[in-house]
$ cat model.cif   # mmCIF, C-alpha atoms
data_input
loop_
_atom_site.label_atom_id
_atom_site.label_comp_id
_atom_site.auth_asym_id
_atom_site.auth_seq_id
_atom_site.Cartn_x
_atom_site.Cartn_y
_atom_site.Cartn_z
CA MET A 208 20.00 22.41 3.84
CA ALA A 209 18.25 19.08 4.13
CA LYS A 210 15.80 18.39 1.33
CA LYS A 211 12.19 17.61 2.03
CA VAL A 212 11.17 13.97 2.29
CA HIS A 213 7.67 12.68 2.88
CA LEU A 214 6.85 9.20 4.12
CA THR A 215 3.33 7.87 3.67
CA LYS A 216 1.76 4.89 5.37
CA LYS A 217 -1.56 3.46 4.31
CA ILE A 218 -3.99 1.78 6.72
CA GLN A 219 -7.54 0.55 6.43
CA ILE A 220 -10.56 0.56 8.69
CA SER A 221 -14.06 -0.76 8.11
CA ALA A 222 -16.70 1.33 9.82
CA MET A 223 -20.32 2.38 9.55
CA HIS A 224 -21.82 5.83 9.57
CA ASP A 225 -24.84 7.85 8.60
CA LEU A 226 -25.28 11.46 7.65
CA SER A 227 -27.89 13.61 9.31
CA SER A 228 -28.25 16.96 11.00
CA GLU A 229 -30.20 17.69 14.15
CA LYS A 230 -31.15 21.03 12.61
CA PHE A 231 -33.11 19.33 9.85
CA SER A 232 -36.46 17.53 9.94
CA GLU A 233 -36.51 13.91 8.76
CA ALA A 234 -37.82 15.05 5.39
CA GLU A 235 -35.05 17.65 5.09
CA ASN A 236 -32.40 15.12 6.14
CA LEU A 237 -33.62 12.72 3.47
CA LYS A 238 -33.62 15.50 0.91
CA VAL A 239 -30.11 16.74 1.75
CA PHE A 240 -28.33 13.47 2.51
CA GLY A 241 -30.33 11.05 0.35
CA LYS A 242 -29.30 7.41 0.80
CA CYS A 243 -26.42 8.51 3.06
CA TYR A 244 -29.09 9.19 5.72
CA ASN A 245 -29.38 5.42 6.15
CA THR A 246 -26.77 3.76 8.34
CA HIS A 247 -24.23 2.11 6.03
CA GLY A 248 -20.53 1.21 5.98
CA HIS A 249 -17.28 1.70 4.09
CA ASP A 250 -13.77 0.31 3.91
CA TYR A 251 -11.89 3.52 4.56
CA HIS A 252 -8.38 3.61 3.09
CA ILE A 253 -6.39 6.17 5.04
CA GLU A 254 -3.04 7.57 3.90
CA VAL A 255 -1.01 9.44 6.49
CA THR A 256 1.99 11.52 5.39
CA VAL A 257 4.77 12.79 7.65
CA GLU A 258 7.70 15.00 6.76
CA GLY A 259 11.28 15.08 7.92
CA ALA A 260 14.93 15.25 6.98
CA ILE A 261 16.90 12.06 6.36
CA ASP A 262 19.06 11.20 9.36
CA GLY A 263 22.66 10.83 8.21
CA ASP A 264 23.30 7.64 10.21
CA SER A 265 20.07 5.66 10.00
CA GLY A 266 18.87 6.95 6.61
CA LEU A 267 15.39 7.30 8.10
CA ILE A 268 13.18 10.36 8.54
CA CYS A 269 11.34 8.80 11.47
CA ASP A 270 11.04 5.77 13.70
CA ARG A 271 9.02 3.40 11.50
CA ASP A 272 7.72 1.28 14.38
CA TYR A 273 6.53 4.38 16.25
CA PHE A 274 4.75 5.66 13.12
CA ASP A 275 3.07 2.25 12.60
CA ASP A 276 2.18 1.80 16.24
CA VAL A 277 0.52 5.23 16.58
CA LEU A 278 -1.59 4.59 13.46
CA GLN A 279 -2.62 1.16 14.71
CA LYS A 280 -3.42 2.38 18.22
CA GLU A 281 -5.07 5.72 17.51
CA ILE A 282 -6.93 4.98 14.28
CA VAL A 283 -7.29 1.24 13.65
CA GLY A 284 -7.64 0.37 17.35
CA LYS A 285 -10.21 3.07 18.03
CA PHE A 286 -12.29 3.26 14.86
CA ASP A 287 -12.13 -0.08 13.03
CA LYS A 288 -15.47 -1.97 13.20
CA THR A 289 -17.19 0.91 14.96
CA HIS A 290 -19.99 3.36 14.24
CA LEU A 291 -18.24 6.64 13.43
CA ASN A 292 -21.26 8.64 14.63
CA ASP A 293 -20.45 7.39 18.15
CA HIS A 294 -17.16 9.31 17.89
CA PHE A 295 -17.81 12.43 15.84
CA PRO A 296 -20.70 14.91 15.55
CA SER A 297 -20.49 14.78 11.75
CA THR A 298 -19.16 11.88 9.70
CA THR A 299 -19.02 13.36 6.23
CA GLY A 300 -15.75 12.52 4.46
CA GLU A 301 -14.71 16.15 4.93
CA ASN A 302 -15.19 16.01 8.69
CA VAL A 303 -13.76 12.49 9.11
CA VAL A 304 -10.50 13.50 7.42
CA LYS A 305 -10.29 16.61 9.63
CA GLU A 306 -10.96 14.59 12.80
CA PHE A 307 -8.26 12.03 11.90
CA TYR A 308 -5.85 14.85 11.06
CA GLU A 309 -6.39 16.55 14.42
CA ILE A 310 -5.95 13.27 16.34
CA LEU A 311 -2.80 12.31 14.45
CA LYS A 312 -1.27 15.77 14.57
CA GLU A 313 -1.15 15.46 18.34
CA LYS A 314 -0.51 11.72 18.74
CA LEU A 315 2.25 11.46 16.12
CA MET A 316 4.35 14.19 17.75
CA PRO A 317 7.28 14.70 17.49
CA LEU A 318 6.69 13.55 13.90
CA LYS A 319 5.47 16.36 11.65
CA LEU A 320 2.15 15.46 10.06
CA VAL A 321 1.75 16.84 6.53
CA LYS A 322 -1.61 15.50 5.45
CA VAL A 323 -4.23 12.81 5.81
CA ARG A 324 -6.13 11.42 2.84
CA VAL A 325 -9.27 9.38 3.41
CA GLN A 326 -10.68 7.31 0.59
CA GLU A 327 -14.28 6.60 1.53
CA THR A 328 -15.09 4.59 -1.61
CA PRO A 329 -13.10 3.94 -4.81
CA LYS A 330 -15.01 6.91 -6.25
CA ASN A 331 -14.22 9.59 -3.67
CA HIS A 332 -11.48 10.75 -1.35
CA PHE A 333 -10.78 13.70 0.93
CA THR A 334 -7.44 15.27 1.83
CA PHE A 335 -6.66 17.66 4.67
CA GLY A 336 -3.34 19.28 5.44
CA GLY A 337 -4.32 21.72 8.18
CA THR A 338 -3.28 25.26 7.38
CA GLU A 339 -0.74 24.14 4.77
CA ASN A 340 -1.62 24.57 1.13
CA LEU A 341 -1.08 21.27 -0.65
CA PHE A 342 0.30 20.81 -4.12
CA SER A 343 -2.55 19.77 -6.38
CA PHE A 344 -0.64 16.66 -7.50
CA ASP A 345 -0.41 15.58 -3.84
CA LEU A 346 -4.17 15.38 -3.28
CA MET B 130 2.86 24.08 -16.83
CA ILE B 131 1.88 20.42 -17.18
CA TYR B 132 2.81 17.74 -14.68
CA LEU B 133 3.41 14.24 -15.92
CA SER B 134 4.35 11.06 -14.12
CA ARG B 135 5.78 7.74 -15.25
CA LYS B 136 6.52 4.53 -13.31
CA ILE B 137 8.93 1.62 -13.39
CA VAL B 138 9.13 -1.51 -11.25
CA PHE B 139 12.35 -3.06 -10.00
CA SER B 140 13.10 -5.76 -7.47
CA SER B 141 15.92 -5.52 -4.97
CA ALA B 142 17.07 -6.82 -1.62
CA HIS B 143 18.11 -4.46 1.15
CA ARG B 144 19.05 -4.60 4.77
CA TYR B 145 18.43 -1.96 7.40
CA TYR B 146 21.83 -2.03 9.03
CA GLN B 147 24.26 0.74 10.00
CA LYS B 148 27.73 -0.68 10.50
CA ASN B 149 28.70 2.18 12.83
CA PHE B 150 25.95 1.08 15.24
CA SER B 151 26.20 -1.82 17.68
CA GLU B 152 23.95 -4.81 17.00
CA GLU B 153 21.74 -3.67 19.85
CA LYS B 154 21.45 -0.13 18.48
CA ASN B 155 20.66 -1.45 15.00
CA LYS B 156 17.77 -3.47 16.43
CA LYS B 157 16.53 -0.47 18.39
CA VAL B 158 16.77 2.11 15.58
CA PHE B 159 15.37 -0.07 12.78
CA GLY B 160 12.86 -1.99 14.91
CA ARG B 161 10.74 -4.37 12.88
CA CYS B 162 12.63 -3.39 9.71
CA TYR B 163 15.79 -4.93 11.15
CA THR B 164 16.52 -8.40 9.81
CA GLU B 165 19.67 -10.48 10.01
CA PHE B 166 20.28 -10.80 6.27
CA GLY B 167 17.83 -8.31 4.78
CA HIS B 168 14.73 -8.78 2.69
CA GLY B 169 13.36 -7.76 -0.70
CA HIS B 170 10.69 -5.62 -2.31
CA ASN B 171 9.10 -4.98 -5.67
CA TYR B 172 9.85 -1.28 -5.65
CA VAL B 173 7.78 1.08 -7.78
CA LEU B 174 9.47 4.33 -8.73
CA GLU B 175 7.29 7.13 -10.04
CA LEU B 176 8.91 10.31 -11.36
CA THR B 177 6.79 13.44 -11.62
CA MET B 178 8.06 16.06 -14.03
CA ALA B 179 6.80 19.49 -15.06
CA GLY B 180 7.30 21.55 -18.17
CA GLU B 181 5.63 23.43 -21.00
CA VAL B 182 3.92 21.61 -23.85
CA ASP B 183 5.95 21.77 -27.06
CA THR B 184 3.69 23.25 -29.75
CA ASP B 185 5.05 20.94 -32.47
CA THR B 186 4.97 17.61 -30.64
CA GLY B 187 2.20 18.32 -28.13
CA MET B 188 4.46 16.78 -25.47
CA VAL B 189 6.31 18.04 -22.42
CA ILE B 190 8.78 15.19 -22.89
CA ASN B 191 8.64 12.03 -24.97
CA LEU B 192 7.64 9.19 -22.63
CA SER B 193 10.07 6.83 -24.36
CA ASP B 194 12.85 9.21 -23.25
CA VAL B 195 11.45 9.09 -19.71
CA ASP B 196 11.38 5.28 -19.89
CA HIS B 197 15.01 5.32 -20.94
CA VAL B 198 15.91 7.44 -17.90
CA LEU B 199 13.86 5.23 -15.57
CA LYS B 200 15.52 2.08 -16.91
CA SER B 201 19.03 3.56 -16.83
CA ILE B 202 18.76 4.58 -13.17
CA THR B 203 17.04 1.44 -11.89
CA ASP B 204 18.94 -1.21 -13.90
CA PRO B 205 21.94 -1.04 -11.52
CA LEU B 206 19.54 -1.78 -8.62
CA ASP B 207 17.23 -4.33 -10.23
CA HIS B 208 17.80 -7.89 -8.98
CA HIS B 209 20.66 -6.83 -6.72
CA HIS B 210 21.29 -6.65 -3.00
CA LEU B 211 21.59 -2.89 -2.54
CA ASN B 212 23.91 -3.03 0.48
CA PHE B 213 26.47 -5.20 -1.28
CA ASP B 214 26.15 -4.58 -5.02
CA VAL B 215 25.54 -0.83 -5.31
CA PRO B 216 28.54 1.39 -4.48
CA HIS B 217 26.31 4.32 -3.44
CA PHE B 218 24.93 2.21 -0.59
CA LYS B 219 28.24 0.80 0.58
CA ASP B 220 28.25 3.20 3.54
CA LEU B 221 24.71 4.57 3.28
CA VAL B 222 21.72 2.59 4.59
CA PRO B 223 19.39 1.84 1.62
CA THR B 224 16.22 2.98 3.36
CA THR B 225 13.21 3.88 1.23
CA GLU B 226 14.03 7.54 1.89
CA ASN B 227 17.67 7.23 0.78
CA ILE B 228 16.81 5.20 -2.33
CA ALA B 229 14.19 7.80 -3.34
CA LYS B 230 16.76 10.58 -2.90
CA TYR B 231 19.41 8.67 -4.86
CA LEU B 232 17.03 7.95 -7.75
CA PHE B 233 15.88 11.59 -7.83
CA GLU B 234 19.48 12.76 -8.11
CA GLU B 235 20.36 10.18 -10.77
CA ALA B 236 17.26 11.08 -12.80
CA ARG B 237 18.06 14.79 -12.53
CA LYS B 238 21.44 14.15 -14.19
CA LEU B 239 19.82 12.46 -17.19
CA LEU B 240 16.67 14.52 -17.81
CA PRO B 241 16.82 17.48 -20.23
CA ARG B 242 17.56 20.78 -18.49
CA GLU B 243 14.24 22.36 -19.46
CA ILE B 244 12.31 19.64 -17.60
CA THR B 245 11.64 20.27 -13.90
CA LEU B 246 11.90 17.11 -11.84
CA VAL B 247 9.29 17.67 -9.15
CA ARG B 248 9.23 14.43 -7.20
CA ALA B 249 10.56 10.91 -6.96
CA ARG B 250 7.99 8.68 -5.28
CA LEU B 251 9.30 5.28 -4.24
CA HIS B 252 6.84 2.61 -3.18
CA GLU B 253 8.32 -0.11 -1.02
CA SER B 254 4.87 -1.73 -0.89
CA ASP B 255 1.28 -0.73 -1.57
CA SER B 256 1.06 0.64 1.95
CA LEU B 257 4.39 2.48 2.37
CA TRP B 258 6.15 5.01 0.19
CA ALA B 259 8.62 7.89 0.35
CA ASP B 260 8.47 11.12 -1.65
CA TYR B 261 11.64 13.08 -2.33
CA TYR B 262 11.35 16.65 -3.60
CA GLY B 263 14.61 18.12 -4.76
#
$ encode --input "model.cif" --output "structure tokens"
Amino acid sequence: MAKKVHLTKKIQISAMHDLSSEKFSEAENLKVFGKCYNTHGHDYHIEVTVEGAIDGDSGLICDRDYFDDVLQKEIVGKFDKTHLNDHFPSTTGENVVKEFYEILKEKLMPLKLVKVRVQETPKNHFTFGGTENLFSFDL
Amino acid sequence: MIYLSRKIVFSSAHRYYQKNFSEEKNKKVFGRCYTEFGHGHNYVLELTMAGEVDTDTGMVINLSDVDHVLKSITDPLDHHHLNFDVPHFKDLVPTTENIAKYLFEEARKLLPREITLVRARLHESDSLWADYYG
């Protein structure tokens, strides 16, 4: 049986966002989201992990150019230097990582997406692996 | 159970080339990784191990023993062209995935039996790495 191999590629986008909810008044938004209510920006470092078995001839688990090209087209090309609130209803780190995961799960096919990790700032990051439970040392 | 990880850096040349493929197929399969003579990387190998803490030493494994394993398995690769100098890669393409697998298996042979080797993570660069789980 082929052993499990993960391949991770890291990309970066610079984008702005703000956190607010239509359900809240301005005062409530300010109370809940604090300074994140103001429009601001981040350099998002995004790690995308796919899984596969090593092909006996090529030694690869996937087509590297295809992997790169999908990430460039679907994430960098669409979200770099944009306002994330133009794309998603909520741009918390939790929701951004889920949105990227859902996009990449479909666009990377036939590659099997394992997880996406979004580092919003050097002090925080978010990881989503769909319905899979992730090993704690993988987060 | 405690997980612990330790790294080592080594520098090697490799070429994405399968001699059973035609030149055209090599270019197609390896894409932008294909180069005529190969290229090099500062590889970073990180081994993650798991085990119980010894009540006398307070350690799962002595890190100097881990360093010895890391050095023993990467010395034959360090400052070599993997395709030409390392017998394991004579007929096997030294992709990041295959090197990670090879180093996992070599480390497994040298680590004490009571230590679980969980993962070999091999960084080819800051933005690309392979994880091999035995």
$ closest_residue --input "model.cif" --among "A:Cys243, A:Ile282, A:Val255, A:Ile220" --to "chain B" --atoms "all atoms listed in the file"
A:Val255
$ resolve_selection --input "model.cif" --expression "the PyMOL selection byres ((chain A) within 10 of (chain B))" --output "PyMOL selection string"
chain A and resi 209-219+252-258+260-273+344
$ write_last_selection --input "model.cif" --atoms "C-alpha atoms" --output "compact mmCIF listing (two decimals), in the frame of the given file"
# COMPACT_ATOMS: atom_id res chain seq x y z
CA ALA A 209 18.25 19.08 4.13
CA LYS A 210 15.80 18.39 1.33
CA LYS A 211 12.19 17.61 2.03
CA VAL A 212 11.17 13.97 2.29
CA HIS A 213 7.67 12.68 2.88
CA LEU A 214 6.85 9.20 4.12
CA THR A 215 3.33 7.87 3.67
CA LYS A 216 1.76 4.89 5.37
CA LYS A 217 -1.56 3.46 4.31
CA ILE A 218 -3.99 1.78 6.72
CA GLN A 219 -7.54 0.55 6.43
CA HIS A 252 -8.38 3.61 3.09
CA ILE A 253 -6.39 6.17 5.04
CA GLU A 254 -3.04 7.57 3.90
CA VAL A 255 -1.01 9.44 6.49
CA THR A 256 1.99 11.52 5.39
CA VAL A 257 4.77 12.79 7.65
CA GLU A 258 7.70 15.00 6.76
CA ALA A 260 14.93 15.25 6.98
CA ILE A 261 16.90 12.06 6.36
CA ASP A 262 19.06 11.20 9.36
CA GLY A 263 22.66 10.83 8.21
CA ASP A 264 23.30 7.64 10.21
CA SER A 265 20.07 5.66 10.00
CA GLY A 266 18.87 6.95 6.61
CA LEU A 267 15.39 7.30 8.10
CA ILE A 268 13.18 10.36 8.54
CA CYS A 269 11.34 8.80 11.47
CA ASP A 270 11.04 5.77 13.70
CA ARG A 271 9.02 3.40 11.50
CA ASP A 272 7.72 1.28 14.38
CA TYR A 273 6.53 4.38 16.25
CA PHE A 344 -0.64 16.66 -7.50
$ residues_near_point --input "model.cif" --point "(-1.8, 13.9, 10.1)" --cutoff "12 Å" --atoms "all atoms listed in the file" --output "ChimeraX atom specification"
/A:213-217,253-258,274,277-278,281-282,304-325,334-339
$ residues_around --input "model.cif" --residues "segment 198-215 of chain B" --least-positions-apart "4" --cutoff "7 Å" --atoms "only C-alpha atoms" --output "list in words"
Ile137, Phe139, Ser140, Ser141, Ala142, His143, Arg144, Asp194, Lys219, Pro223, Leu232, Glu235, Ala236 and Leu239 of chain B
$ resolve_selection --input "model.cif" --expression "the PyMOL selection byres ((chain A and resi 248-250) around 7)" --output "PyMOL selection string"
chain A and resi 219-224+247+251-252+327-328
$ closest_residue --input "model.cif" --among "B:Leu246, B:Thr164, B:His170, B:His217" --to "Glu152 of chain B" --atoms "only C-alpha atoms"
B:Thr164
$ atom_distance --input "model.cif" --atom1 "atom CA of Val138 of chain B" --atom2 "atom CA of Leu240 of chain B"
18.9 Å
$ atom_distance --input "model.cif" --atom1 "atom CA of Glu235 of chain A" --atom2 "atom CA of His332 of chain A"
25.4 Å
$ axis_aligned_box --input "model.cif" --around "segment 283-291 of chain A" --padding-each-side "4 Å" --output "AutoDock Vina command-line options"
--center_x -13.6 --center_y 2.3 --center_z 15.5 --size_x 20.7 --size_y 16.6 --size_z 13.0
$ atom_distance --input "model.cif" --atom1 "atom CA of Asn331 of chain A" --atom2 "atom CA of Glu253 of chain B"
24.7 Å
$ residues_around --input "model.cif" --residues "Leu226 of chain A" --least-positions-apart "3" --cutoff "10 Å" --atoms "all atoms listed in the file" --output "PyMOL selection string"
chain A and resi 236-237+239-247+292+296-299
$ decode --input "model.cif" --residues "segment 173-231 of chain B" --atoms "C-alpha atoms" --output "PDB file, in the first residue's frame"
ATOM      1  CA  VAL B 173      15.758  21.497   5.383  1.00  0.00           C
ATOM      2  CA  LEU B 174      14.827  18.138   6.865  1.00  0.00           C
ATOM      3  CA  GLU B 175      12.648  18.122   9.967  1.00  0.00           C
ATOM      4  CA  LEU B 176      11.937  14.840  11.735  1.00  0.00           C
ATOM      5  CA  THR B 177       8.968  14.657  14.090  1.00  0.00           C
ATOM      6  CA  MET B 178       9.105  11.899  16.668  1.00  0.00           C
ATOM      7  CA  ALA B 179       6.756  10.798  19.434  1.00  0.00           C
ATOM      8  CA  GLY B 180       7.327   8.926  22.650  1.00  0.00           C
ATOM      9  CA  GLU B 181       6.879   8.917  26.412  1.00  0.00           C
ATOM     10  CA  VAL B 182       8.978  11.143  28.660  1.00  0.00           C
ATOM     11  CA  ASP B 183      11.601   9.161  30.560  1.00  0.00           C
ATOM     12  CA  THR B 184      11.087   9.883  34.274  1.00  0.00           C
ATOM     13  CA  ASP B 185      14.834   9.941  35.005  1.00  0.00           C
ATOM     14  CA  THR B 186      16.059  12.124  32.138  1.00  0.00           C
ATOM     15  CA  GLY B 187      12.891  14.122  31.459  1.00  0.00           C
ATOM     16  CA  MET B 188      13.467  13.437  27.760  1.00  0.00           C
ATOM     17  CA  VAL B 189      11.705  11.456  25.055  1.00  0.00           C
ATOM     18  CA  ILE B 190      15.054  11.117  23.287  1.00  0.00           C
ATOM     19  CA  ASN B 191      18.346  12.936  23.727  1.00  0.00           C
ATOM     20  CA  LEU B 192      18.527  15.615  21.011  1.00  0.00           C
ATOM     21  CA  SER B 193      22.223  14.922  20.491  1.00  0.00           C
ATOM     22  CA  ASP B 194      21.216  11.367  19.488  1.00  0.00           C
ATOM     23  CA  VAL B 195      18.655  12.847  17.084  1.00  0.00           C
ATOM     24  CA  ASP B 196      21.355  15.147  15.668  1.00  0.00           C
ATOM     25  CA  HIS B 197      23.567  12.130  15.122  1.00  0.00           C
ATOM     26  CA  VAL B 198      20.782  10.397  13.165  1.00  0.00           C
ATOM     27  CA  LEU B 199      20.061  13.533  11.131  1.00  0.00           C
ATOM     28  CA  LYS B 200      23.740  13.960  10.267  1.00  0.00           C
ATOM     29  CA  SER B 201      24.257  10.276   9.444  1.00  0.00           C
ATOM     30  CA  ILE B 202      21.362  10.180   6.977  1.00  0.00           C
ATOM     31  CA  THR B 203      22.025  13.525   5.283  1.00  0.00           C
ATOM     32  CA  ASP B 204      25.845  13.409   5.081  1.00  0.00           C
ATOM     33  CA  PRO B 205      25.741  11.097   2.030  1.00  0.00           C
ATOM     34  CA  LEU B 206      23.515  13.692   0.280  1.00  0.00           C
ATOM     35  CA  ASP B 207      25.143  16.928   1.442  1.00  0.00           C
ATOM     36  CA  HIS B 208      27.142  18.679  -1.298  1.00  0.00           C
ATOM     37  CA  HIS B 209      26.429  15.939  -3.824  1.00  0.00           C
ATOM     38  CA  HIS B 210      24.475  15.623  -7.048  1.00  0.00           C
ATOM     39  CA  LEU B 211      21.762  13.192  -5.964  1.00  0.00           C
ATOM     40  CA  ASN B 212      21.196  11.658  -9.412  1.00  0.00           C
ATOM     41  CA  PHE B 213      24.848  10.748  -9.874  1.00  0.00           C
ATOM     42  CA  ASP B 214      26.386  10.337  -6.425  1.00  0.00           C
ATOM     43  CA  VAL B 215      23.701   8.585  -4.378  1.00  0.00           C
ATOM     44  CA  PRO B 216      23.057   4.927  -5.307  1.00  0.00           C
ATOM     45  CA  HIS B 217      19.436   5.064  -4.062  1.00  0.00           C
ATOM     46  CA  PHE B 218      18.650   7.655  -6.737  1.00  0.00           C
ATOM     47  CA  LYS B 219      20.451   5.925  -9.586  1.00  0.00           C
ATOM     48  CA  ASP B 220      17.125   4.737 -11.011  1.00  0.00           C
ATOM     49  CA  LEU B 221      14.735   6.747  -8.842  1.00  0.00           C
ATOM     50  CA  VAL B 222      14.004  10.411  -9.571  1.00  0.00           C
ATOM     51  CA  PRO B 223      15.153  12.494  -6.541  1.00  0.00           C
ATOM     52  CA  THR B 224      11.943  14.498  -6.246  1.00  0.00           C
ATOM     53  CA  THR B 225      11.177  16.208  -2.950  1.00  0.00           C
ATOM     54  CA  GLU B 226       8.649  13.434  -2.282  1.00  0.00           C
ATOM     55  CA  ASN B 227      11.136  10.607  -2.932  1.00  0.00           C
ATOM     56  CA  ILE B 228      13.910  12.257  -0.894  1.00  0.00           C
ATOM     57  CA  ALA B 229      11.508  12.731   2.046  1.00  0.00           C
ATOM     58  CA  LYS B 230      10.503   9.063   1.854  1.00  0.00           C
ATOM     59  CA  TYR B 231      14.131   7.911   1.620  1.00  0.00           C
TER      60      TYR B 231
END
